[in-house]
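Peer 1: Structure file my_file05.txt, compact mmCIF, C-alpha atoms, is pasted below:
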```txt
# COMPACT_ATOMS: atom_id res chain seq x y z
CA MET S 1 26.94 39.34 13.81
CA LYS S 2 25.59 42.81 13.30
CA ASN S 3 22.11 43.45 14.51
CA THR S 4 20.63 45.71 11.84
CA ASP S 5 17.19 46.09 13.33
CA LEU S 6 15.67 45.07 16.61
CA ILE S 7 11.94 44.54 16.68
CA LEU S 8 10.71 44.74 20.23
CA HIS S 9 7.77 43.80 22.30
CA SER S 10 4.75 41.64 21.96
CA HIS S 11 1.56 43.62 21.71
CA ASP S 12 -0.70 40.69 22.40
CA HIS S 13 1.30 39.46 25.37
CA ASP S 14 1.63 35.99 23.90
CA GLY S 15 5.29 36.20 22.98
CA VAL S 16 4.68 36.70 19.25
CA ASP S 17 5.54 40.03 17.67
CA ARG S 18 3.15 39.85 14.73
CA ARG S 19 3.75 43.30 13.28
CA GLY S 20 7.45 42.77 13.46
CA PHE S 21 7.09 39.33 11.91
CA LEU S 22 5.29 40.70 8.85
CA LYS S 23 7.89 43.46 8.51
CA CYS S 24 10.68 40.95 8.74
CA MET S 25 9.20 38.46 6.29
CA ALA S 26 8.76 41.23 3.72
CA TRP S 27 12.53 41.56 3.68
CA ALA S 28 13.12 37.83 3.29
CA GLY S 29 13.84 38.01 -0.42
CA THR S 30 16.56 40.62 -0.08
CA GLY S 31 19.15 38.52 1.72
CA LEU S 32 18.00 39.37 5.23
CA PHE S 33 16.79 36.66 7.52
CA CYS S 34 14.71 36.65 10.65
CA VAL S 35 15.84 34.92 13.81
CA VAL S 36 13.35 34.17 16.49
CA LYS S 37 14.80 34.74 19.92
CA GLY S 38 12.51 34.15 22.86
CA GLY S 39 9.48 34.87 20.67
CA VAL S 40 10.88 38.18 19.47
CA LEU S 41 12.18 38.62 15.95
CA GLN S 42 15.49 40.09 15.08
CA SER S 43 16.67 40.61 11.55
CA PHE S 44 20.23 40.10 10.43
CA SER S 45 22.02 40.67 7.20
CA LEU S 46 23.32 37.52 5.55
CA GLY S 47 26.22 39.52 4.16
CA HIS S 48 27.47 40.43 7.61
CA HIS S 49 27.06 36.86 8.72
CA SER S 50 29.39 35.48 6.08
CA ASP S 51 32.04 38.14 6.79
CA HIS S 52 32.52 36.88 10.31
CA GLY S 53 32.68 33.14 9.59
CA MET S 54 32.81 32.37 13.28
CA SER S 55 33.92 28.87 14.16
CA GLY S 56 31.12 26.90 15.70
CA ASP S 57 28.64 28.40 13.31
CA LEU S 58 26.90 25.99 10.99
CA SER S 59 25.40 26.48 7.57
CA PHE S 60 23.61 23.84 5.50
CA ALA S 61 21.12 23.62 2.66
CA GLN S 62 17.84 21.77 2.38
CA ILE S 63 16.41 20.57 -0.93
CA SER S 64 13.38 18.40 -1.41
CA ASP S 65 11.11 16.55 -3.82
CA SER S 66 13.40 16.39 -6.85
CA HIS S 67 11.09 13.64 -8.30
CA MET S 68 13.75 12.49 -10.78
CA GLY S 69 11.92 10.66 -13.56
CA PHE S 70 8.84 12.90 -13.58
CA ASN S 71 8.13 14.13 -17.12
CA LYS S 72 4.57 15.45 -17.24
CA PRO S 73 3.45 18.96 -18.32
CA ALA S 74 3.99 20.47 -14.84
CA ASN S 75 7.74 20.13 -15.54
CA THR S 76 9.23 18.20 -18.45
CA ASP S 77 12.79 18.99 -17.32
CA VAL S 78 13.28 18.03 -13.66
CA VAL S 79 16.97 17.48 -14.46
CA GLY S 80 17.33 21.11 -15.51
CA THR S 81 15.52 22.51 -12.50
CA LEU S 82 17.58 20.35 -10.10
CA LYS S 83 20.74 21.64 -11.78
CA THR S 84 19.48 25.19 -11.26
CA ALA S 85 18.90 24.36 -7.58
CA VAL S 86 22.51 23.19 -7.29
CA ASP S 87 23.70 26.42 -8.94
CA ARG S 88 21.73 28.43 -6.39
CA ILE S 89 23.17 26.45 -3.49
CA ASN S 90 26.63 27.13 -4.86
CA GLN S 91 25.82 30.84 -4.74
CA PHE S 92 24.77 30.98 -1.07
CA PRO S 93 26.67 33.75 0.76
CA THR S 94 27.98 31.20 3.25
CA GLU S 95 28.97 27.91 1.69
CA PRO S 96 26.81 25.16 3.21
CA GLU S 97 28.71 22.37 4.91
CA PHE S 98 26.26 19.74 3.67
CA ILE S 99 22.86 19.25 2.10
CA LEU S 100 19.75 17.67 3.61
CA HIS S 101 17.39 16.10 1.06
CA THR S 102 13.95 15.62 2.60
CA GLY S 103 12.80 12.94 0.19
CA ASP S 104 10.97 12.06 -3.03
CA ILE S 105 14.44 12.04 -4.51
CA THR S 106 13.04 9.94 -7.36
CA HIS S 107 9.61 9.72 -8.90
CA LEU S 108 9.40 5.95 -9.39
CA SER S 109 12.23 4.55 -7.17
CA ARG S 110 14.16 3.48 -10.27
CA PRO S 111 17.93 2.93 -9.94
CA GLU S 112 18.65 5.21 -12.90
CA GLU S 113 16.64 7.98 -11.26
CA PHE S 114 18.71 7.72 -8.06
CA ASP S 115 21.87 7.66 -10.24
CA THR S 116 20.88 10.86 -12.03
CA VAL S 117 20.30 12.76 -8.78
CA ASP S 118 23.66 11.55 -7.43
CA GLN S 119 25.32 12.74 -10.62
CA ILE S 120 23.74 16.21 -10.50
CA LEU S 121 24.53 16.69 -6.79
CA LYS S 122 28.22 15.99 -7.52
CA SER S 123 28.39 19.57 -8.87
CA ALA S 124 27.27 21.00 -5.53
CA LYS S 125 30.02 22.57 -3.45
CA PRO S 126 28.88 20.72 -0.31
CA LYS S 127 29.99 17.14 -0.85
CA ASP S 128 27.99 15.52 1.94
CA VAL S 129 24.30 14.88 1.37
CA PHE S 130 22.02 13.36 4.02
CA TYR S 131 18.75 11.83 2.84
CA VAL S 132 15.43 10.74 4.21
CA PRO S 133 13.06 8.93 1.84
CA GLY S 134 9.75 10.10 0.47
CA GLU S 135 6.95 7.70 -0.46
CA HIS S 136 8.12 7.86 -4.10
CA ASP S 137 11.49 6.41 -3.05
CA MET S 138 9.97 3.28 -1.48
CA LEU S 139 7.90 1.90 -4.36
CA ASN S 140 7.87 -1.83 -5.12
CA ASP S 141 10.71 -2.77 -2.77
CA ASP S 142 9.75 -1.13 0.55
CA GLY S 143 12.86 1.05 0.35
CA LYS S 144 15.55 -1.58 -0.15
CA GLU S 145 17.21 0.36 -3.00
CA PHE S 146 17.04 3.60 -0.98
CA ARG S 147 18.66 2.04 2.10
CA GLU S 148 21.39 0.36 0.06
CA ARG S 149 22.36 3.73 -1.34
CA TYR S 150 21.83 6.10 1.57
CA GLY S 151 21.01 4.09 4.66
CA LYS S 152 24.36 2.59 5.63
CA ASN S 153 24.24 3.97 9.17
CA SER S 154 20.50 3.82 9.58
CA GLN S 155 18.13 1.52 11.39
CA GLY S 156 14.74 0.10 10.62
CA ALA S 157 13.18 1.78 7.60
CA GLY S 158 16.11 4.23 7.43
CA TRP S 159 16.18 6.47 10.49
CA TYR S 160 19.42 7.81 11.97
CA SER S 161 21.06 10.72 13.74
CA PHE S 162 24.35 12.59 13.58
CA ASP S 163 26.03 15.62 15.09
CA LYS S 164 27.57 18.66 13.45
CA LYS S 165 29.20 21.43 15.49
CA GLY S 166 27.12 20.68 18.54
CA VAL S 167 23.82 20.50 16.63
CA HIS S 168 22.06 17.14 16.78
CA PHE S 169 20.39 16.04 13.52
CA VAL S 170 17.70 13.35 13.43
CA GLY S 171 16.51 11.85 10.15
CA LEU S 172 13.09 10.20 10.47
CA VAL S 173 11.09 8.02 8.07
CA ASN S 174 7.34 8.56 8.07
CA VAL S 175 6.45 7.11 4.67
CA VAL S 176 6.29 3.34 5.33
CA ASN S 177 3.47 1.13 6.65
CA LEU S 178 0.96 3.79 5.71
CA LYS S 179 -2.51 2.63 6.71
CA ALA S 180 -5.59 3.03 4.55
CA GLY S 181 -7.18 6.43 5.10
CA GLY S 182 -4.23 7.49 7.23
CA LEU S 183 -1.49 10.07 7.35
CA GLY S 184 2.28 9.73 7.58
CA THR S 185 3.40 7.47 10.40
CA LEU S 186 6.56 7.02 12.46
CA GLY S 187 5.64 3.79 14.25
CA PRO S 188 6.46 2.49 17.73
CA GLU S 189 9.93 1.11 16.88
CA GLN S 190 11.17 4.43 15.50
CA LEU S 191 9.56 6.43 18.31
CA ASP S 192 11.25 4.19 20.83
CA TRP S 193 14.59 4.71 19.10
CA LEU S 194 14.05 8.50 19.05
CA GLN S 195 13.32 8.62 22.76
CA ARG S 196 16.56 6.76 23.51
CA ASP S 197 18.54 8.75 20.93
CA VAL S 198 17.87 12.17 22.51
CA HIS S 199 17.49 11.07 26.10
CA HIS S 200 21.04 11.85 27.22
CA LEU S 201 21.46 15.15 25.32
CA LYS S 202 21.73 18.45 27.21
CA HIS S 203 18.63 20.64 26.97
CA SER S 204 20.75 23.34 25.35
CA THR S 205 21.63 21.13 22.36
CA PRO S 206 19.99 22.53 19.24
CA ILE S 207 17.97 19.79 17.53
CA VAL S 208 17.17 19.54 13.82
CA VAL S 209 14.64 16.89 12.82
CA PHE S 210 14.17 16.16 9.15
CA ALA S 211 11.51 13.90 7.62
CA HIS S 212 9.56 13.84 4.37
CA ILE S 213 5.91 14.24 5.36
CA PRO S 214 5.25 17.27 7.60
CA LEU S 215 5.37 16.52 11.31
CA TRP S 216 2.56 18.99 11.94
CA SER S 217 -0.99 18.85 10.73
CA ILE S 218 -1.17 21.05 7.66
CA TYR S 219 -4.08 19.51 5.74
CA PRO S 220 -5.14 16.00 6.81
CA GLU S 221 -7.65 15.68 3.95
CA TRP S 222 -4.68 15.46 1.61
CA GLY S 223 -2.55 13.35 3.96
CA TRP S 224 -0.40 16.36 4.89
CA GLY S 225 0.44 15.38 8.45
CA THR S 226 1.89 12.58 10.59
CA GLU S 227 -0.48 10.76 12.90
CA ASP S 228 2.01 10.03 15.71
CA SER S 229 4.23 13.11 15.48
CA ALA S 230 2.91 14.45 18.80
CA GLN S 231 4.68 11.60 20.56
CA ALA S 232 7.94 12.41 18.79
CA LEU S 233 7.66 16.09 19.64
CA GLY S 234 6.96 15.12 23.23
CA TYR S 235 10.44 13.56 23.45
CA LEU S 236 11.89 16.89 22.21
CA LYS S 237 9.95 19.14 24.58
CA LYS S 238 12.89 19.61 26.93
CA PHE S 239 15.12 21.16 24.27
CA GLY S 240 15.44 24.92 23.95
CA SER S 241 15.73 24.92 20.17
CA VAL S 242 14.06 22.43 17.83
CA THR S 243 13.89 22.94 14.06
CA VAL S 244 11.71 20.57 12.03
CA LEU S 245 12.45 20.45 8.30
CA ASN S 246 10.01 18.67 5.99
CA GLY S 247 9.05 18.40 2.33
CA HIS S 248 6.21 16.53 0.59
CA ILE S 249 3.84 19.46 0.02
CA HIS S 250 5.94 21.23 -2.63
CA GLN S 251 5.51 24.70 -1.12
CA THR S 252 7.00 26.58 1.78
CA MET S 253 5.17 26.85 5.05
CA GLN S 254 6.33 27.81 8.53
CA LYS S 255 4.95 27.54 12.01
CA VAL S 256 6.51 28.45 15.32
CA GLU S 257 5.19 26.73 18.42
CA GLY S 258 7.11 27.48 21.59
CA ASN S 259 10.67 26.29 21.05
CA VAL S 260 9.84 24.44 17.85
CA THR S 261 10.08 25.95 14.37
CA PHE S 262 8.37 23.87 11.69
CA HIS S 263 9.28 24.46 8.08
CA THR S 264 8.44 22.80 4.76
CA ALA S 265 10.55 23.30 1.65
CA SER S 266 9.61 23.86 -1.97
CA SER S 267 10.20 21.14 -4.54
CA THR S 268 12.89 21.41 -7.17
CA ALA S 269 10.54 19.62 -9.61
CA PHE S 270 6.96 20.95 -9.57
CA PRO S 271 4.62 22.93 -7.31
CA GLN S 272 1.43 21.65 -5.71
CA PRO S 273 -1.70 23.61 -4.88
CA GLN S 274 -2.27 25.31 -1.57
CA PRO S 275 -4.40 23.31 0.88
CA GLY S 276 -7.93 22.92 -0.41
CA LYS S 277 -7.39 25.20 -3.40
CA ALA S 278 -7.69 22.33 -5.89
CA GLU S 279 -9.46 18.97 -6.19
CA SER S 280 -6.34 17.03 -5.32
CA PRO S 281 -2.73 17.65 -4.25
CA GLY S 282 -1.20 16.64 -7.58
CA PRO S 283 1.34 18.46 -9.76
CA MET S 284 0.20 21.99 -10.51
CA LYS S 285 0.88 23.42 -13.94
CA VAL S 286 1.95 27.06 -14.11
CA PRO S 287 2.99 29.14 -17.16
CA ALA S 288 6.47 28.06 -18.26
CA GLU S 289 8.07 31.40 -17.44
CA GLN S 290 6.78 31.17 -13.86
CA LEU S 291 7.92 27.62 -13.10
CA ARG S 292 11.27 28.47 -11.53
CA SER S 293 9.65 31.06 -9.27
CA VAL S 294 7.52 28.34 -7.63
CA LEU S 295 10.41 25.93 -7.12
CA GLY S 296 13.08 26.52 -4.51
CA ILE S 297 15.74 25.61 -1.97
CA THR S 298 16.38 26.50 1.66
CA ASP S 299 19.41 27.95 3.44
CA VAL S 300 19.74 27.18 7.14
CA ASN S 301 22.18 28.92 9.44
CA TYR S 302 23.00 28.29 13.06
CA VAL S 303 25.05 30.79 14.97
CA GLN S 304 26.66 29.82 18.25
CA GLY S 305 24.80 31.44 21.09
CA GLN S 306 21.68 32.17 19.05
CA HIS S 307 18.49 30.60 20.28
CA SER S 308 17.17 29.36 16.97
CA LEU S 309 18.32 28.44 13.50
CA ALA S 310 17.65 30.89 10.71
CA VAL S 311 15.72 29.26 7.89
CA VAL S 312 15.63 31.18 4.60
CA ASP S 313 13.81 30.06 1.46
CA SER S 314 14.69 31.22 -2.01
CA THR S 315 13.23 30.33 -5.41
CA LEU S 316 15.00 29.10 -8.51
CA ALA S 317 14.00 32.23 -10.45
CA MET U 1 -57.01 -29.35 -39.13
CA ARG U 2 -54.47 -27.33 -41.15
CA ALA U 3 -55.13 -24.25 -39.01
CA ARG U 4 -54.50 -26.21 -35.83
CA VAL U 5 -51.25 -27.57 -37.19
CA PHE U 6 -50.33 -24.03 -38.19
CA VAL U 7 -51.03 -22.77 -34.72
CA VAL U 8 -49.00 -25.58 -33.18
CA ILE U 9 -46.09 -24.86 -35.51
CA LEU U 10 -46.33 -21.16 -34.65
CA ALA U 11 -46.40 -22.01 -30.97
CA LEU U 12 -43.36 -24.22 -31.41
CA PHE U 13 -41.54 -21.43 -33.21
CA ALA U 14 -42.55 -18.98 -30.49
CA LEU U 15 -41.29 -21.37 -27.84
CA ALA U 16 -38.08 -21.86 -29.76
CA PHE U 17 -37.52 -18.10 -30.11
CA ALA U 18 -38.33 -17.59 -26.44
CA ALA U 19 -35.93 -20.34 -25.46
CA PHE U 20 -33.27 -18.85 -27.72
CA GLY U 21 -33.91 -15.42 -26.23
CA LEU U 22 -33.57 -16.80 -22.70
CA ALA U 23 -30.44 -18.66 -23.62
CA SER U 24 -28.94 -15.51 -25.09
CA THR U 25 -29.76 -13.54 -21.96
CA ALA U 26 -28.37 -16.30 -19.79
CA SER U 27 -25.12 -16.48 -21.72
CA ALA U 28 -24.89 -12.69 -21.81
CA ALA U 29 -25.26 -12.64 -18.04
CA ALA U 30 -22.64 -15.33 -17.71
CA THR U 31 -20.32 -13.31 -19.93
CA ALA U 32 -20.95 -10.18 -17.82
CA GLN U 33 -19.92 -12.09 -14.70
CA LYS U 34 -16.54 -12.94 -16.19
CA ALA U 35 -15.93 -9.71 -18.13
CA ASP U 36 -13.49 -7.05 -16.96
CA SER U 37 -14.92 -4.32 -14.78
CA GLU U 38 -13.05 -1.02 -14.92
CA VAL U 39 -11.93 1.20 -12.10
CA LYS U 40 -10.44 4.50 -13.24
CA ILE U 41 -7.82 6.14 -11.07
CA ASP U 42 -7.73 9.89 -11.53
CA ASN U 43 -7.32 13.01 -9.40
CA PHE U 44 -6.27 10.95 -6.38
CA THR U 45 -9.58 9.04 -6.55
CA PHE U 46 -10.70 5.49 -7.37
CA GLY U 47 -13.78 5.66 -9.57
CA PRO U 48 -16.20 4.13 -8.78
CA GLY U 49 -15.31 4.08 -5.07
CA THR U 50 -17.43 0.97 -4.59
CA MET U 51 -17.44 -1.66 -7.33
CA THR U 52 -19.91 -4.54 -7.09
CA VAL U 53 -19.20 -7.66 -9.12
CA GLN U 54 -20.06 -11.36 -9.33
CA THR U 55 -17.71 -14.04 -8.05
CA GLY U 56 -15.16 -14.84 -10.70
CA ALA U 57 -15.11 -11.33 -12.15
CA THR U 58 -11.90 -9.57 -13.04
CA ILE U 59 -11.41 -5.91 -12.21
CA THR U 60 -8.88 -3.80 -14.05
CA TRP U 61 -7.61 -0.57 -12.50
CA THR U 62 -6.16 1.98 -14.92
CA ASN U 63 -4.18 4.99 -13.72
CA HIS U 64 -5.23 8.12 -15.61
CA ASP U 65 -3.61 10.45 -13.09
CA ASP U 66 -0.34 12.27 -13.72
CA ILE U 67 1.19 10.78 -10.58
CA PRO U 68 1.81 7.06 -9.76
CA HIS U 69 -0.62 5.15 -7.53
CA THR U 70 -0.90 1.62 -6.18
CA VAL U 71 -3.83 -0.69 -5.51
CA MET U 72 -3.32 -2.43 -2.19
CA SER U 73 -5.89 -4.50 -0.35
CA THR U 74 -6.01 -3.79 3.38
CA ASP U 75 -6.04 -7.55 4.11
CA GLY U 76 -3.05 -8.44 1.96
CA VAL U 77 -5.21 -10.20 -0.65
CA PHE U 78 -3.90 -8.25 -3.62
CA ARG U 79 -1.23 -5.64 -4.26
CA SER U 80 -0.17 -3.92 -7.46
CA ARG U 81 3.21 -2.52 -8.37
CA ALA U 82 3.39 1.26 -8.54
CA LEU U 83 1.30 2.19 -11.59
CA ASP U 84 2.54 5.14 -13.59
CA THR U 85 0.16 7.04 -15.93
CA ASP U 86 -1.78 4.63 -18.23
CA GLU U 87 -0.48 1.51 -16.46
CA LYS U 88 -2.98 -1.16 -15.38
CA PHE U 89 -3.48 -3.77 -12.71
CA SER U 90 -6.00 -6.63 -12.84
CA TYR U 91 -7.26 -9.00 -10.19
CA THR U 92 -9.81 -11.82 -10.44
CA PHE U 93 -12.08 -12.19 -7.42
CA SER U 94 -12.76 -15.88 -6.94
CA LYS U 95 -14.26 -15.56 -3.44
CA ALA U 96 -17.28 -13.58 -2.35
CA GLY U 97 -16.76 -10.86 0.22
CA VAL U 98 -16.01 -7.18 0.72
CA TYR U 99 -12.48 -6.12 -0.10
CA GLN U 100 -11.24 -2.75 1.14
CA TYR U 101 -8.25 -1.34 -0.66
CA TYR U 102 -6.22 1.87 -0.86
CA CYS U 103 -3.24 3.51 -2.49
CA SER U 104 -0.15 2.76 -0.39
CA ILE U 105 1.55 5.92 -1.68
CA HIS U 106 -1.40 8.20 -0.92
CA PRO U 107 -3.30 6.36 1.81
CA LYS U 108 -6.19 8.83 1.89
CA MET U 109 -7.27 7.24 -1.43
CA THR U 110 -9.55 4.35 -0.57
CA GLY U 111 -12.01 2.10 -2.36
CA GLN U 112 -13.82 -1.19 -1.98
CA VAL U 113 -14.91 -4.15 -4.05
CA VAL U 114 -18.08 -6.03 -3.14
CA VAL U 115 -18.06 -9.55 -4.56
CA LYS U 116 -21.38 -11.33 -4.57
```
Using the file provided, produce a representation of the structure as structure tokens.
Peer 2:
Amino acid sequence: MKNTDLILHSHDHDGVDRRGFLKCMAWAGTGLFCVVKGGVLQSFSLGHHSDHGMSGDLSFAQISDSHMGFNKPANTDVVGTLKTAVDRINQFPTEPEFILHTGDITHLSRPEEFDTVDQILKSAKPKDVFYVPGEHDMLNDDGKEFRERYGKNSQGAGWYSFDKKGVHFVGLVNVVNLKAGGLGTLGPEQLDWLQRDVHHLKHSTPIVVFAHIPLWSIYPEWGWGTEDSAQALGYLKKFGSVTVLNGHIHQTMQKVEGNVTFHTASSTAFPQPQPGKAESPGPMKVPAEQLRSVLGITDVNYVQGQHSLAVVDSTLA
Amino acid sequence: MRARVFVVILALFALAFAAFGLASTASAAATAQKADSEVKIDNFTFGPGTMTVQTGATITWTNHDDIPHTVMSTDGVFRSRALDTDEKFSYTFSKAGVYQYYCSIHPKMTGQVVVK
């Protein structure tokens, strides 16, 4: 992989190169991505990355919040925008090996809504899709329909793990047994399972955790957080590289905390307001010609020997 | 003599009207106890947040929001299906008490019913 620009040194002595970070993020839309290595950012060209195609490298896509069945003014064609998302995935410079869907697949948990999403995703080049449910996928039946379709190898409410090219993936469910006035919740049974699931893994194993509601506290007033995520992250403290991929908030956000990179994806259906910028976190209407620019997908790349995964968002525009 | 009879008749009429008036008020009150009370769901909020009703009253929740919500009592007393826009859920409160409830999809949305 060619290193096109090396941004050096932390000016605040806290391991974060802020000036470099801003410079790097400004390039994000041009096909460059930023890799955090030991708190220092390096930028790499995606084009160069795909030329090498090194074995052991891993590329996958994340989509989220397709809300199949939604038909209000914020987007009267969620089928069309999901199809556009699939087209974009099929145009990634490196073909993703699989897709992660971080939930709210459907809007009302209806069988025909699940069917439609399955149908549309058949046109994606990556044939494997791994799902975790959103709260909209668990209506009226506590997730029975969801688990029948996508939870064959899962436990409890639908959590599971799998390995791809040495990277350990953990799908968590934080949208059931929600308590009044509360946030997302993982629950003791799932936390117990997680502790046992990662216990034997080498510290050098890259970990990717995916769940619907953010596993960090973004805006508790709107329920944008998970009340017991600290315990989960505690079990992952020993690992050198942890990437947390979430959805639910229908906008991209990132946070890096030590060895953990947190990231939320855009929706393929409709945007939601920024924290506190509206009365409530509901669907946000934008002018029709702007809709696709506020919807999006995420490309994730892991290169053998690199410290962290590179997470790149792009819109459907 | 005629004047006294007149006064008595007037008094009787007055009593009758008063009794009728009271009866009307009483039956109106009884009707109010049993009538539907409305809770509007909109902008991720139950309105009013606290609803006070008489025992035997029925409350109807209507979802005016553009996103589905549920009405779930915290004690398992009542639970609606997911309500899409314009869908309703009704529950009749036959026992006095305070009933906390919330939306199981968006648990930050809470409300309560006080049944007297």
Peer 1: Would you list which chain S residues are within 12 Å of chain U using all atoms listed in the file, as a VMD selection string?
Peer 2: chain S and resid 67 69 to 75 104 106 to 110 134 to 142 174 to 185 213 219 to 226 248 270 272 278 to 285
Peer 1: From the list U:Ile9, U:Val98, U:Glu87, U:Val115, which residue is nearest Ile59 (chain U) when using all atoms listed in the file?
Peer 2: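 Smallest separation from Ile59 (chain U) among the options: U:Val115.
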Peer 1: Could you state the separation of CA of Gln290 (chain S) and CA of Thr264 (chain S) in Å, given to one decimal place?
Peer 2: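 So the answer is 20.5 Å.
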Peer 1: Could you check how far CA of His64 (chain U) sits from CA of Lys40 (chain U), in Å to one decimal?
Peer 2: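 So the two atoms, CA of His64 (chain U) and CA of Lys40 (chain U), lie 6.8 Å apart.
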Peer 1: Just the number, please: distance in Å from CA of Val39 (chain U) to CA of Trp61 (chain U), one decimal.
Peer 2: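 Between CA of Val39 (chain U) and CA of Trp61 (chain U) the gap is 4.7 Å.
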Peer 1: Which residues are near Phe92 (chain S)? Cut-off 12 Å, all atoms listed in the file, ignore same chain within fewer than 3 positions. Put them as a PDB file with C-alpha atoms, in the frame of the given file.
Peer 2:
```pdb
ATOM      1  CA  GLY S  31      19.150  38.520   1.720  1.00  0.00           C
ATOM      2  CA  LEU S  46      23.320  37.520   5.550  1.00  0.00           C
ATOM      3  CA  GLY S  47      26.220  39.520   4.160  1.00  0.00           C
ATOM      4  CA  HIS S  49      27.060  36.860   8.720  1.00  0.00           C
ATOM      5  CA  SER S  50      29.390  35.480   6.080  1.00  0.00           C
ATOM      6  CA  SER S  59      25.400  26.480   7.570  1.00  0.00           C
ATOM      7  CA  PHE S  60      23.610  23.840   5.500  1.00  0.00           C
ATOM      8  CA  ALA S  61      21.120  23.620   2.660  1.00  0.00           C
ATOM      9  CA  ALA S  85      18.900  24.360  -7.580  1.00  0.00           C
ATOM     10  CA  VAL S  86      22.510  23.190  -7.290  1.00  0.00           C
ATOM     11  CA  ASP S  87      23.700  26.420  -8.940  1.00  0.00           C
ATOM     12  CA  ARG S  88      21.730  28.430  -6.390  1.00  0.00           C
ATOM     13  CA  ILE S  89      23.170  26.450  -3.490  1.00  0.00           C
ATOM     14  CA  GLU S  95      28.970  27.910   1.690  1.00  0.00           C
ATOM     15  CA  PRO S  96      26.810  25.160   3.210  1.00  0.00           C
ATOM     16  CA  GLU S  97      28.710  22.370   4.910  1.00  0.00           C
ATOM     17  CA  ALA S 124      27.270  21.000  -5.530  1.00  0.00           C
ATOM     18  CA  LYS S 125      30.020  22.570  -3.450  1.00  0.00           C
ATOM     19  CA  PRO S 126      28.880  20.720  -0.310  1.00  0.00           C
ATOM     20  CA  ILE S 297      15.740  25.610  -1.970  1.00  0.00           C
ATOM     21  CA  THR S 298      16.380  26.500   1.660  1.00  0.00           C
ATOM     22  CA  ASP S 299      19.410  27.950   3.440  1.00  0.00           C
ATOM     23  CA  VAL S 300      19.740  27.180   7.140  1.00  0.00           C
ATOM     24  CA  ASN S 301      22.180  28.920   9.440  1.00  0.00           C
ATOM     25  CA  VAL S 312      15.630  31.180   4.600  1.00  0.00           C
ATOM     26  CA  ASP S 313      13.810  30.060   1.460  1.00  0.00           C
ATOM     27  CA  SER S 314      14.690  31.220  -2.010  1.00  0.00           C
TER      28      SER S 314
END
```
Peer 1: Give me, as number ranges by chain, all polymer residues having an atom no more than 10 Å from Ser123 (chain S), counting only C-alpha atoms and skipping those fewer than 4 positions away in the same chain.
Peer 2: S: 83, 86-87, 90, 118-119, 127
Peer 1: Would you please work out which residue, of S:Gly187, S:Gly247, S:Gly103, S:Gly143, is nearest to Ala230 (chain S) when using all atoms listed in the file?
Peer 2: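 Closest candidate: S:Gly187.
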Peer 1: Could you please give me, as JSON, numbers by chain, the residues of protein, DNA or RNA lying at most 8 Å from (-7.5, -10.2, -7.9) in the coordinate frame of the file, considering all atoms listed in the file?
Peer 2: {"U": [58, 59, 77, 78, 90, 91, 92, 93, 94]}
Peer 1: Fewer than 4 positions away in the same chain doesn't count, so skip those; otherwise give me all residues within 8 Å of Leu215 (chain S), counting all atoms listed in the file, as an NGL selection string.
Peer 2: :S and (211 or 225-226 or 229 or 244 or 246 or 262)
Peer 1: Find the smallest box with edges along x, y and z containing every listed atom of region 286-290 of chain S, then add 4 Å on each side and report centre and edge lengths in Å to one decimal, as lines of an AutoDock Vina configuration file.
Peer 2:
```
center_x = 5.0
center_y = 29.2
center_z = -16.1
size_x = 14.1
size_y = 12.3
size_z = 12.4
```
Peer 1: Just want the 10 Å neighbourhood of Gly156 (chain S), counted on all atoms listed in the file, with same-chain residues fewer than 6 positions away dropped. Output as a list in words.
Peer 2: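 Residues near the query, excluding close chain neighbours: Arg147, Val173, Glu189, Gln190 and Trp193 of chain S.
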Peer 1: Missing atoms in region 118-125 of chain S: can you complete it with N, CA and C atoms, as a PDB file, in the coordinates of the input?
Peer 2:
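Contents of selection.pdb, as written:
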```pdb
ATOM      1  N   ASP S 118      22.286  11.605  -7.959  1.00  0.00           N
ATOM      2  CA  ASP S 118      23.660  11.550  -7.430  1.00  0.00           C
ATOM      3  C   ASP S 118      24.609  12.323  -8.335  1.00  0.00           C
ATOM      4  N   GLN S 119      24.452  12.111  -9.623  1.00  0.00           N
ATOM      5  CA  GLN S 119      25.320  12.740 -10.620  1.00  0.00           C
ATOM      6  C   GLN S 119      25.208  14.255 -10.557  1.00  0.00           C
ATOM      7  N   ILE S 120      23.963  14.758 -10.506  1.00  0.00           N
ATOM      8  CA  ILE S 120      23.740  16.210 -10.500  1.00  0.00           C
ATOM      9  C   ILE S 120      24.285  16.825  -9.203  1.00  0.00           C
ATOM     10  N   LEU S 121      24.086  16.126  -8.074  1.00  0.00           N
ATOM     11  CA  LEU S 121      24.530  16.690  -6.790  1.00  0.00           C
ATOM     12  C   LEU S 121      26.052  16.701  -6.662  1.00  0.00           C
ATOM     13  N   LYS S 122      26.752  15.969  -7.537  1.00  0.00           N
ATOM     14  CA  LYS S 122      28.220  15.990  -7.520  1.00  0.00           C
ATOM     15  C   LYS S 122      28.750  17.393  -7.822  1.00  0.00           C
ATOM     16  N   SER S 123      27.944  18.202  -8.538  1.00  0.00           N
ATOM     17  CA  SER S 123      28.390  19.570  -8.870  1.00  0.00           C
ATOM     18  C   SER S 123      28.146  20.543  -7.731  1.00  0.00           C
ATOM     19  N   ALA S 124      27.509  20.099  -6.664  1.00  0.00           N
ATOM     20  CA  ALA S 124      27.270  21.000  -5.530  1.00  0.00           C
ATOM     21  C   ALA S 124      28.562  21.150  -4.751  1.00  0.00           C
ATOM     22  N   LYS S 125      28.804  22.343  -4.240  1.00  0.00           N
ATOM     23  CA  LYS S 125      30.020  22.570  -3.450  1.00  0.00           C
ATOM     24  C   LYS S 125      30.012  21.690  -2.195  1.00  0.00           C
TER      25      LYS S 125
END
```
